[in-house]
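Take a look at the structure below.
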Amino acid sequence: MTTGANRWQRFADWDQRPLRLDRFAAEDPENGFSAFHGKNDPQGSLVIENGSVTVLDGVPQAEFDMIDFYIARYHIDPSVAEEAMAIPAAELARMLVDMNVPRAELTRLAHGLSPARLAEAVAHLSALEIAFAYSKMRARRTPGNQAHVTNAKDDPLQLAADAATAVAFGFDEIETTVRVSRNAWSNALACAVGSAVGRAGTLFQCSCEEAEELKIGMAGFTSYAETVSVYGTERAFIDGDDTPWSKAWLASAYASRGIKMRCTSGAASELLMGFHEAKSLLYLESRCLCLQRAIGVQGTQNGGIDGAPLAATMPGGVRELMAENLIAVWLDLECASGNDARPTESEIRVGAKILPYLISGSDLICSGFGSILKYDNSFNPSLLNGEELEDFLVLQRDFESDGGLAPVEETRILELRRRAVDAVSAVLEELDLAAPEPRMKESVIVASGSDDTDSFIPRQVALISEKISERGISMLDAVRALDRRGFSDEARNLLFLLRLRVSGDYLQTSALIRQGRVMSAVNDPNDYAGPGTGYRMSAERREDIARIRDVLDRAEVLRTEGTFAKAEGGRIRYREAGPAKTGDDPGEVVVGVSPGFGLKLFRTLAGHPLSAVLKAIKSGVEERGLRMRVVRLLHTADTSFLGLSAASLSGSGVGIGLQAKGTAVIHQRGRLPHNNLELFSNAPITSLDHYRRLGSNAALHALGELPDPVVVPTRGEALGSRYHARVALIYAIETSLTRDGAAPEEIEIELVEPVE
Amino acid sequence: MKTRPFGITDYPLAETCPGEVRGGRGMSLEELTLERVVSGEITMDDLRITPQSLSRQGEIARAAGRPTLALNLERAAEMTALPQQVIMEIYELLRPGRAKSDAELIAAAKLLRETYGTLKLAAFLEEAAEVYRRRGLYLDRY
């Protein structure tokens, strides 16, 4: 106990919470710390003369920086600009949340809106309105998700196993990167092979240096690229070592080789890079997004991304991340909506951050979700990681919302991991890149993370990677190697990805592959127009999402109880001894047990055998010199009525009601049903000693004394979440055995001493 | 074979006209089989998208209300004519400070126009050359 401290000790408690590891920043618009209202944010404006933009957001053409120029030249459609810019920002905001204004009308108008006007409009919306508008405005109807697959050793065996695992959970895209940059080719090969295990069509990228990444793509290993970053100020752009023209060149280069691509931008990157121009996160991001539409990429990875942790330090920062995603989809871009770099140590902030996206849906909810453990994430930990993947599965089930994933059975995961490790090993051997040993493979298959593996280390991986690059090995070599070694399904799945390049169907906006078919904003457009429209889960999909592991049902409860029945039979015998009589012995305490007690149900929620509970109560009663008599009540299973009925039959007028699940009450003849003497409602934490003292107190009441009530101490456990499903199922078993007006039965019990 | 612009109902091409979708050396989608890969008949060049498919995807993007995506796909259609090495060299040249004056970019544009006949890409480089000059991007960075 602390005495004399000049502080409310709750603050000391709060200091210990993970939240206090987060460091927050004051709003400071002059120094770039403002989510929505930068000191130098311009008012939205456009002047168009002779079909070209001469003033953009207050900047005259002569002063355009290269971003202004590109936006003015390629984003602004002069034929829409006058109409669109005439609509006040607040009216645009209302249109975004009006389900009667079609999405297509808003995306058309966006072609004529300047970056500042787009930002002004979404700034009018509350967080809830942004989430709703996002749900209406996102491009593809069916939501999807993306995973990170990396590990701390760049181990190809683990990359393959983890890629196959991510695919099994339903990720539509997987993204890898490297710990050591020269390992890129090895990582790309390993993830590609792993992602082909189980099903075809998971898109794959390897994030590394721009030029290297394009080469890896051209060799066939990757099917999309994402980390083509753009920035909202010219100086940040130059430090990023690119220009809008070099980025647009890359965008066309990827498309020319049939590879899907999106750009990346996110709040606070300019602030991190030191060139924010005292403008708000949202305004700079709006410039980035207009630029991306201008470049002609189909989509964006957007929503803070690496800057998300910085954005989240500011007032309104998380709302801003949602707002910039809304601008992205308003501009008709595919949106891989961030929710990646972990912006907080608080699990509550994590859950709150993901929820709007989960319930509104997104082209790719996370970009990506850390499917591996936090320490294995070479991008740094994600908002959600391997540790929390089941939490996300449960959130989907809670809100009946499709986050793109579904539970997978343990045995299935193990099969897939083994298959992936065998497949990638076959490729490494066939192409004479490495010879994985059995111990390496075995360690990887069951490993949760790279701490538990005994496999390749980064230096060995570098050698593999250099061989792939130097020998000009392509994905077709991997396909042939797989086929030679009997992995023809995987060979076909990889070829399927390569064939996607030929038609280019997945170059359209928001494309992913489901059941072997391209699904994009062209053939699966978001048609939300109010309740009953837009994406709705099918009955089958709902079942898949609901099928998490370890769920209870009635049969499961009875089966579990059945396993206790035999042991209990060796400890206690119940003999029915006819209708229960009203006693006349003032030295007795009657225990009224529930209908299923010892017949269908054999232990309390705390796990105590019912024989032990009766024995404890008996010893408590007897230590006060009184006697216990047991009756079974058949007209009720309710604790209060069990207790009051037992009291009515008791010679002393004091009775105990006892349910099979362990809830107990001391009652007295003549009291109102719910006005008992003592209630033991927290069965899961009620010990045998508590039951003994319950017996003792009941006896003291019978003797006319006023004992100290027994307190079952609680530490605030969420007992409801742990036990209520079982409680409800058990209680339903008890109530199903009751019969109206059934008379109580006398039960003679014989406690059998265990044979030592 | 269609001559009118492709539209939304022509999408996805792999499903609406698989016989017309051809790889870089003329094989149709149906001919791109695992057996041919294993026999060595198929190379990465067979798995390249053609300018025709890119143009059609551009038309579909335009019909879907995405004119800037269409422009990108049209540039990409031209870019199929460029060897990987040329693509990489010009990308490098477009990065800030790589070209020391607009002459290098203009020379690259001339190469694109005269050697490869890629007029849109050539104009795109010339536009970059002008903006880089105005914004002082011909600077030494390392």
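Quick note on naming: the chains in the structure tokens go A, B, ... in the order shown, residues restart at 1 in each chain, and ligands are numbered from 1 in order of appearance.
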
Inset, instruction - Within 7 Å of chain B, which residues of chain A are there when counting only C-alpha atoms? Please give them as a PyMOL selection string. - result: chain A and resi 65-66+238+241-243+245-246+249-250+252-253+255-258+293-298+480+492+498-499+501-505+508+522

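The residues of segment 144-333 of chain A that DSSP assigns to strand (DSSP E) on this backbone come out as Gln146, Ala147, His148, Glu173, Ile174, Glu175, Thr176, Leu203, Phe204, Gln205, Cys206, Tyr224, Ala225, Glu226, Thr227, Val228, Ser229, Lys260, Met261, Arg262, Cys263, Thr264, Ser265, Gly299, Thr300, Gln301 and Asn302 of chain A.
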
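Residue nearest Ala103 of chain B within the list B:Glu41, B:Glu130, B:Asp140, B:Glu59: B:Glu130 [criterion: smallest interatomic distance, only C-alpha atoms].
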
Inset, instruction - Considering only C-alpha atoms, return as a PyMOL selection string whatever protein or nucleic-acid residues lie within 10 Å of Ser126 of chain A, sequence-local ones (same chain, fewer than 6 positions apart) excluded. - result: chain A and resi 132+319+323

Output of the above residues as a compact mmCIF listing (two decimals), in the first residue's frame, restricted to C-alpha atoms:
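Done, and the output landed in out-v3.txt:
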# COMPACT_ATOMS: atom_id res chain seq x y z
CA PHE A 132 -20.01 4.75 -44.85
CA ARG A 319 -9.67 9.87 -39.01
CA ALA A 323 -10.31 10.34 -45.15

Inset, instruction - Figure out the distance between atom CA of Leu112 of chain B and atom CA of Lys100 of chain B, please, to one decimal in Å. - result: 19.4 Å

Identify all residues of segment 30-116 of chain B in alpha helix (DSSP H) (DSSP on the backbone) and supply them as a PDB file with N, CA and C atoms, in the first residue's frame.
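Saved file states.pdb follows:
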ATOM      1  N   LEU B  34       0.885 -26.496 -69.959  1.00  0.00           N
ATOM      2  CA  LEU B  34       2.016 -26.990 -69.168  1.00  0.00           C
ATOM      3  C   LEU B  34       2.885 -27.929 -70.011  1.00  0.00           C
ATOM      4  N   GLU B  35       2.227 -28.742 -70.825  1.00  0.00           N
ATOM      5  CA  GLU B  35       2.976 -29.697 -71.653  1.00  0.00           C
ATOM      6  C   GLU B  35       3.992 -28.955 -72.530  1.00  0.00           C
ATOM      7  N   ARG B  36       3.553 -27.862 -73.121  1.00  0.00           N
ATOM      8  CA  ARG B  36       4.464 -27.101 -73.990  1.00  0.00           C
ATOM      9  C   ARG B  36       5.562 -26.393 -73.188  1.00  0.00           C
ATOM     10  N   VAL B  37       5.246 -26.038 -71.953  1.00  0.00           N
ATOM     11  CA  VAL B  37       6.285 -25.443 -71.107  1.00  0.00           C
ATOM     12  C   VAL B  37       7.343 -26.501 -70.805  1.00  0.00           C
ATOM     13  N   VAL B  38       6.856 -27.691 -70.446  1.00  0.00           N
ATOM     14  CA  VAL B  38       7.777 -28.768 -70.060  1.00  0.00           C
ATOM     15  C   VAL B  38       8.652 -29.175 -71.240  1.00  0.00           C
ATOM     16  N   PRO B  51       0.788  -5.678 -77.872  1.00  0.00           N
ATOM     17  CA  PRO B  51       0.241  -4.321 -77.933  1.00  0.00           C
ATOM     18  C   PRO B  51      -1.259  -4.340 -78.221  1.00  0.00           C
ATOM     19  N   GLN B  52      -1.687  -5.325 -78.993  1.00  0.00           N
ATOM     20  CA  GLN B  52      -3.113  -5.402 -79.298  1.00  0.00           C
ATOM     21  C   GLN B  52      -3.947  -5.634 -78.027  1.00  0.00           C
ATOM     22  N   SER B  53      -3.518  -6.567 -77.183  1.00  0.00           N
ATOM     23  CA  SER B  53      -4.276  -6.823 -75.950  1.00  0.00           C
ATOM     24  C   SER B  53      -4.251  -5.600 -75.042  1.00  0.00           C
ATOM     25  N   LEU B  54      -3.109  -4.926 -74.981  1.00  0.00           N
ATOM     26  CA  LEU B  54      -3.036  -3.721 -74.144  1.00  0.00           C
ATOM     27  C   LEU B  54      -3.954  -2.623 -74.683  1.00  0.00           C
ATOM     28  N   SER B  55      -3.999  -2.473 -76.004  1.00  0.00           N
ATOM     29  CA  SER B  55      -4.889  -1.465 -76.580  1.00  0.00           C
ATOM     30  C   SER B  55      -6.343  -1.788 -76.261  1.00  0.00           C
ATOM     31  N   ARG B  56      -6.660  -3.071 -76.350  1.00  0.00           N
ATOM     32  CA  ARG B  56      -8.043  -3.473 -76.040  1.00  0.00           C
ATOM     33  C   ARG B  56      -8.371  -3.221 -74.572  1.00  0.00           C
ATOM     34  N   GLN B  57      -7.417  -3.531 -73.703  1.00  0.00           N
ATOM     35  CA  GLN B  57      -7.662  -3.238 -72.279  1.00  0.00           C
ATOM     36  C   GLN B  57      -7.806  -1.732 -72.087  1.00  0.00           C
ATOM     37  N   GLY B  58      -7.068  -0.944 -72.860  1.00  0.00           N
ATOM     38  CA  GLY B  58      -7.204   0.511 -72.806  1.00  0.00           C
ATOM     39  C   GLY B  58      -8.606   0.944 -73.208  1.00  0.00           C
ATOM     40  N   GLU B  59      -9.106   0.330 -74.255  1.00  0.00           N
ATOM     41  CA  GLU B  59     -10.462   0.664 -74.700  1.00  0.00           C
ATOM     42  C   GLU B  59     -11.491   0.291 -73.636  1.00  0.00           C
ATOM     43  N   ILE B  60     -11.285  -0.848 -73.014  1.00  0.00           N
ATOM     44  CA  ILE B  60     -12.209  -1.275 -71.949  1.00  0.00           C
ATOM     45  C   ILE B  60     -12.140  -0.289 -70.779  1.00  0.00           C
ATOM     46  N   ALA B  61     -10.916   0.133 -70.427  1.00  0.00           N
ATOM     47  CA  ALA B  61     -10.762   1.091 -69.323  1.00  0.00           C
ATOM     48  C   ALA B  61     -11.473   2.410 -69.650  1.00  0.00           C
ATOM     49  N   ARG B  62     -11.344   2.831 -70.892  1.00  0.00           N
ATOM     50  CA  ARG B  62     -12.007   4.075 -71.304  1.00  0.00           C
ATOM     51  C   ARG B  62     -13.526   3.913 -71.204  1.00  0.00           C
ATOM     52  N   ALA B  63     -14.018   2.774 -71.672  1.00  0.00           N
ATOM     53  CA  ALA B  63     -15.465   2.527 -71.611  1.00  0.00           C
ATOM     54  C   ALA B  63     -15.954   2.474 -70.167  1.00  0.00           C
ATOM     55  N   PRO B  67     -10.208   7.185 -68.219  1.00  0.00           N
ATOM     56  CA  PRO B  67      -9.369   7.610 -69.346  1.00  0.00           C
ATOM     57  C   PRO B  67      -7.886   7.678 -69.014  1.00  0.00           C
ATOM     58  N   THR B  68      -7.517   7.965 -67.775  1.00  0.00           N
ATOM     59  CA  THR B  68      -6.077   8.044 -67.483  1.00  0.00           C
ATOM     60  C   THR B  68      -5.459   6.651 -67.458  1.00  0.00           C
ATOM     61  N   LEU B  69      -6.198   5.679 -66.968  1.00  0.00           N
ATOM     62  CA  LEU B  69      -5.717   4.283 -67.020  1.00  0.00           C
ATOM     63  C   LEU B  69      -5.568   3.867 -68.482  1.00  0.00           C
ATOM     64  N   ALA B  70      -6.513   4.311 -69.314  1.00  0.00           N
ATOM     65  CA  ALA B  70      -6.437   3.985 -70.739  1.00  0.00           C
ATOM     66  C   ALA B  70      -5.156   4.560 -71.347  1.00  0.00           C
ATOM     67  N   LEU B  71      -4.818   5.800 -70.983  1.00  0.00           N
ATOM     68  CA  LEU B  71      -3.596   6.415 -71.510  1.00  0.00           C
ATOM     69  C   LEU B  71      -2.352   5.628 -71.102  1.00  0.00           C
ATOM     70  N   ASN B  72      -2.340   5.204 -69.846  1.00  0.00           N
ATOM     71  CA  ASN B  72      -1.209   4.410 -69.360  1.00  0.00           C
ATOM     72  C   ASN B  72      -1.085   3.113 -70.157  1.00  0.00           C
ATOM     73  N   LEU B  73      -2.215   2.465 -70.398  1.00  0.00           N
ATOM     74  CA  LEU B  73      -2.180   1.197 -71.138  1.00  0.00           C
ATOM     75  C   LEU B  73      -1.768   1.432 -72.594  1.00  0.00           C
ATOM     76  N   GLU B  74      -2.120   2.602 -73.130  1.00  0.00           N
ATOM     77  CA  GLU B  74      -1.691   2.925 -74.500  1.00  0.00           C
ATOM     78  C   GLU B  74      -0.168   3.147 -74.554  1.00  0.00           C
ATOM     79  N   ARG B  75       0.360   3.828 -73.537  1.00  0.00           N
ATOM     80  CA  ARG B  75       1.822   3.974 -73.470  1.00  0.00           C
ATOM     81  C   ARG B  75       2.471   2.592 -73.344  1.00  0.00           C
ATOM     82  N   ALA B  76       1.828   1.738 -72.508  1.00  0.00           N
ATOM     83  CA  ALA B  76       2.370   0.385 -72.311  1.00  0.00           C
ATOM     84  C   ALA B  76       2.355  -0.398 -73.613  1.00  0.00           C
ATOM     85  N   ALA B  77       1.306  -0.204 -74.408  1.00  0.00           N
ATOM     86  CA  ALA B  77       1.218  -0.912 -75.693  1.00  0.00           C
ATOM     87  C   ALA B  77       2.429  -0.551 -76.552  1.00  0.00           C
ATOM     88  N   GLU B  78       2.789   0.725 -76.535  1.00  0.00           N
ATOM     89  CA  GLU B  78       3.997   1.119 -77.266  1.00  0.00           C
ATOM     90  C   GLU B  78       5.248   0.502 -76.635  1.00  0.00           C
ATOM     91  N   MET B  79       5.249   0.447 -75.352  1.00  0.00           N
ATOM     92  CA  MET B  79       6.453   0.003 -74.644  1.00  0.00           C
ATOM     93  C   MET B  79       6.764  -1.469 -74.874  1.00  0.00           C
ATOM     94  N   GLN B  84      13.936  -4.738 -72.728  1.00  0.00           N
ATOM     95  CA  GLN B  84      13.994  -4.473 -71.282  1.00  0.00           C
ATOM     96  C   GLN B  84      15.112  -3.488 -70.936  1.00  0.00           C
ATOM     97  N   GLN B  85      16.270  -3.669 -71.615  1.00  0.00           N
ATOM     98  CA  GLN B  85      17.411  -2.821 -71.313  1.00  0.00           C
ATOM     99  C   GLN B  85      17.115  -1.348 -71.584  1.00  0.00           C
ATOM    100  N   VAL B  86      16.430  -1.090 -72.688  1.00  0.00           N
ATOM    101  CA  VAL B  86      16.080   0.289 -73.041  1.00  0.00           C
ATOM    102  C   VAL B  86      15.094   0.851 -72.024  1.00  0.00           C
ATOM    103  N   ILE B  87      14.133   0.046 -71.625  1.00  0.00           N
ATOM    104  CA  ILE B  87      13.161   0.496 -70.615  1.00  0.00           C
ATOM    105  C   ILE B  87      13.898   0.900 -69.335  1.00  0.00           C
ATOM    106  N   MET B  88      14.834   0.047 -68.914  1.00  0.00           N
ATOM    107  CA  MET B  88      15.547   0.315 -67.666  1.00  0.00           C
ATOM    108  C   MET B  88      16.429   1.562 -67.791  1.00  0.00           C
ATOM    109  N   GLU B  89      17.079   1.716 -68.942  1.00  0.00           N
ATOM    110  CA  GLU B  89      17.964   2.870 -69.128  1.00  0.00           C
ATOM    111  C   GLU B  89      17.179   4.181 -69.124  1.00  0.00           C
ATOM    112  N   ILE B  90      16.044   4.173 -69.793  1.00  0.00           N
ATOM    113  CA  ILE B  90      15.256   5.412 -69.835  1.00  0.00           C
ATOM    114  C   ILE B  90      14.642   5.694 -68.460  1.00  0.00           C
ATOM    115  N   TYR B  91      14.232   4.639 -67.776  1.00  0.00           N
ATOM    116  CA  TYR B  91      13.736   4.855 -66.402  1.00  0.00           C
ATOM    117  C   TYR B  91      14.808   5.556 -65.571  1.00  0.00           C
ATOM    118  N   GLU B  92      16.012   5.036 -65.664  1.00  0.00           N
ATOM    119  CA  GLU B  92      17.121   5.619 -64.898  1.00  0.00           C
ATOM    120  C   GLU B  92      17.330   7.085 -65.304  1.00  0.00           C
ATOM    121  N   LEU B  93      17.270   7.346 -66.575  1.00  0.00           N
ATOM    122  CA  LEU B  93      17.475   8.698 -67.087  1.00  0.00           C
ATOM    123  C   LEU B  93      16.412   9.676 -66.590  1.00  0.00           C
ATOM    124  N   LEU B  94      15.212   9.151 -66.363  1.00  0.00           N
ATOM    125  CA  LEU B  94      14.106  10.008 -65.903  1.00  0.00           C
ATOM    126  C   LEU B  94      14.198  10.331 -64.415  1.00  0.00           C
ATOM    127  N   ASP B 102      18.665  18.842 -70.769  1.00  0.00           N
ATOM    128  CA  ASP B 102      17.535  18.253 -71.492  1.00  0.00           C
ATOM    129  C   ASP B 102      17.981  17.531 -72.769  1.00  0.00           C
ATOM    130  N   ALA B 103      19.216  17.756 -73.170  1.00  0.00           N
ATOM    131  CA  ALA B 103      19.690  17.110 -74.394  1.00  0.00           C
ATOM    132  C   ALA B 103      19.604  15.583 -74.299  1.00  0.00           C
ATOM    133  N   GLU B 104      19.935  15.047 -73.121  1.00  0.00           N
ATOM    134  CA  GLU B 104      19.914  13.582 -72.981  1.00  0.00           C
ATOM    135  C   GLU B 104      18.504  13.020 -73.133  1.00  0.00           C
ATOM    136  N   LEU B 105      17.549  13.721 -72.528  1.00  0.00           N
ATOM    137  CA  LEU B 105      16.168  13.249 -72.636  1.00  0.00           C
ATOM    138  C   LEU B 105      15.654  13.411 -74.061  1.00  0.00           C
ATOM    139  N   ILE B 106      16.050  14.498 -74.684  1.00  0.00           N
ATOM    140  CA  ILE B 106      15.580  14.735 -76.051  1.00  0.00           C
ATOM    141  C   ILE B 106      16.206  13.711 -77.007  1.00  0.00           C
ATOM    142  N   ALA B 107      17.445  13.339 -76.725  1.00  0.00           N
ATOM    143  CA  ALA B 107      18.083  12.304 -77.545  1.00  0.00           C
ATOM    144  C   ALA B 107      17.365  10.969 -77.365  1.00  0.00           C
ATOM    145  N   ALA B 108      16.990  10.689 -76.134  1.00  0.00           N
ATOM    146  CA  ALA B 108      16.269   9.435 -75.875  1.00  0.00           C
ATOM    147  C   ALA B 108      14.917   9.449 -76.599  1.00  0.00           C
ATOM    148  N   ALA B 109      14.274  10.612 -76.596  1.00  0.00           N
ATOM    149  CA  ALA B 109      12.991  10.731 -77.291  1.00  0.00           C
ATOM    150  C   ALA B 109      13.163  10.466 -78.782  1.00  0.00           C
ATOM    151  N   LYS B 110      14.263  10.976 -79.326  1.00  0.00           N
ATOM    152  CA  LYS B 110      14.545  10.778 -80.751  1.00  0.00           C
ATOM    153  C   LYS B 110      14.739   9.283 -81.052  1.00  0.00           C
ATOM    154  N   LEU B 111      15.463   8.605 -80.149  1.00  0.00           N
ATOM    155  CA  LEU B 111      15.662   7.161 -80.300  1.00  0.00           C
ATOM    156  C   LEU B 111      14.307   6.436 -80.320  1.00  0.00           C
TER     157      LEU B 111
END

Inset, instruction - One decimal, Å: what's the distance from atom CA of Glu212 of chain A over to atom CA of Gly472 of chain A, could you say? - result: 13.2 Å

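With atom CA of Leu633 of chain A on one side and atom CA of Ala698 of chain A on the other, the separation reads 18.8 Å.
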
Inset, instruction - Determine, counting only C-alpha atoms, which protein, DNA and RNA residues have an atom within 12 Å of an atom of Phe641 of chain A; residues of the same chain fewer than 3 positions away are not included. Present the result as a ChimeraX atom specification. - result: /A:591-594,633-638,644-648,655-659,664-669,671-676

Legend entry - Long-range neighbours of Leu706 of chain A as a VMD selection string, 10 Å cut-off, only C-alpha atoms, 5 positions minimum in chain: chain A and resid 677 697 to 698 700 to 701

Legend entry - Contacts of Leu109 of chain A at 9 Å (only C-alpha atoms; same-chain gap of 6+ positions) as a ChimeraX atom specification: /A:80-81,83-85

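The nearest approach to Leu373 of chain A among the residues A:Asp477, A:Glu210, A:Asp162, A:Glu430, with only C-alpha atoms taken into account, belongs to A:Asp162.
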
Legend entry - Given only C-alpha atoms as the counted atoms, nearest of A:Leu56, A:Cys290, A:Leu414, A:Ala72 to Trp330 of chain A: A:Cys290

Legend entry - Close residues, Thr714 of chain A itself excluded, 10 Å, only C-alpha atoms, min 5 positions apart in chain, as a ChimeraX atom specification: /A:682,685-686,719

Hey, could you make a per-residue contact list for segment 98-200 of chain A against segment 375-398 of chain A with 8 Å as the cut-off, showing the nearest pair of atoms and its distance in Å to one decimal, counting only C-alpha atoms, sorted by chain and number, as JSON lines?
{"residue": "A:His148", "atom": "CA", "partner": "A:Asn377", "partner_atom": "CA", "distance": 7.3}
{"residue": "A:Val149", "atom": "CA", "partner": "A:Asn377", "partner_atom": "CA", "distance": 7.3}
{"residue": "A:Thr150", "atom": "CA", "partner": "A:Asn377", "partner_atom": "CA", "distance": 5.5}
{"residue": "A:Asn151", "atom": "CA", "partner": "A:Asp376", "partner_atom": "CA", "distance": 4.2}
{"residue": "A:Ala152", "atom": "CA", "partner": "A:Asp376", "partner_atom": "CA", "distance": 4.7}
{"residue": "A:Thr177", "atom": "CA", "partner": "A:Ser378", "partner_atom": "CA", "distance": 6.5}
{"residue": "A:Val178", "atom": "CA", "partner": "A:Ser378", "partner_atom": "CA", "distance": 6.5}
{"residue": "A:Arg179", "atom": "CA", "partner": "A:Ser378", "partner_atom": "CA", "distance": 6.1}

May I have the residues from that selection written out with N, CA and C atoms, as a PDB file, in the first residue's frame?
ATOM      1  N   HIS A 148       1.467  -9.908 -45.626  1.00  0.00           N
ATOM      2  CA  HIS A 148       2.922  -9.895 -45.659  1.00  0.00           C
ATOM      3  C   HIS A 148       3.410 -11.308 -45.377  1.00  0.00           C
ATOM      4  N   VAL A 149       4.362 -11.786 -46.171  1.00  0.00           N
ATOM      5  CA  VAL A 149       5.032 -13.056 -45.881  1.00  0.00           C
ATOM      6  C   VAL A 149       6.537 -12.801 -45.935  1.00  0.00           C
ATOM      7  N   THR A 150       7.146 -12.747 -44.771  1.00  0.00           N
ATOM      8  CA  THR A 150       8.591 -12.504 -44.679  1.00  0.00           C
ATOM      9  C   THR A 150       9.093 -13.290 -43.471  1.00  0.00           C
ATOM     10  N   ASN A 151      10.406 -13.413 -43.331  1.00  0.00           N
ATOM     11  CA  ASN A 151      10.917 -13.880 -42.046  1.00  0.00           C
ATOM     12  C   ASN A 151      12.300 -13.309 -41.792  1.00  0.00           C
ATOM     13  N   ALA A 152      12.699 -13.387 -40.535  1.00  0.00           N
ATOM     14  CA  ALA A 152      13.913 -12.695 -40.098  1.00  0.00           C
ATOM     15  C   ALA A 152      15.182 -13.270 -40.704  1.00  0.00           C
ATOM     16  N   THR A 177       9.317  -9.051 -48.749  1.00  0.00           N
ATOM     17  CA  THR A 177      10.455  -8.171 -48.928  1.00  0.00           C
ATOM     18  C   THR A 177      11.657  -8.866 -48.304  1.00  0.00           C
ATOM     19  N   VAL A 178      12.752  -8.157 -48.180  1.00  0.00           N
ATOM     20  CA  VAL A 178      14.008  -8.790 -47.787  1.00  0.00           C
ATOM     21  C   VAL A 178      14.582  -8.160 -46.528  1.00  0.00           C
ATOM     22  N   ARG A 179      15.357  -8.947 -45.780  1.00  0.00           N
ATOM     23  CA  ARG A 179      16.177  -8.381 -44.707  1.00  0.00           C
ATOM     24  C   ARG A 179      17.464  -7.836 -45.320  1.00  0.00           C
TER      25      ARG A 179
END
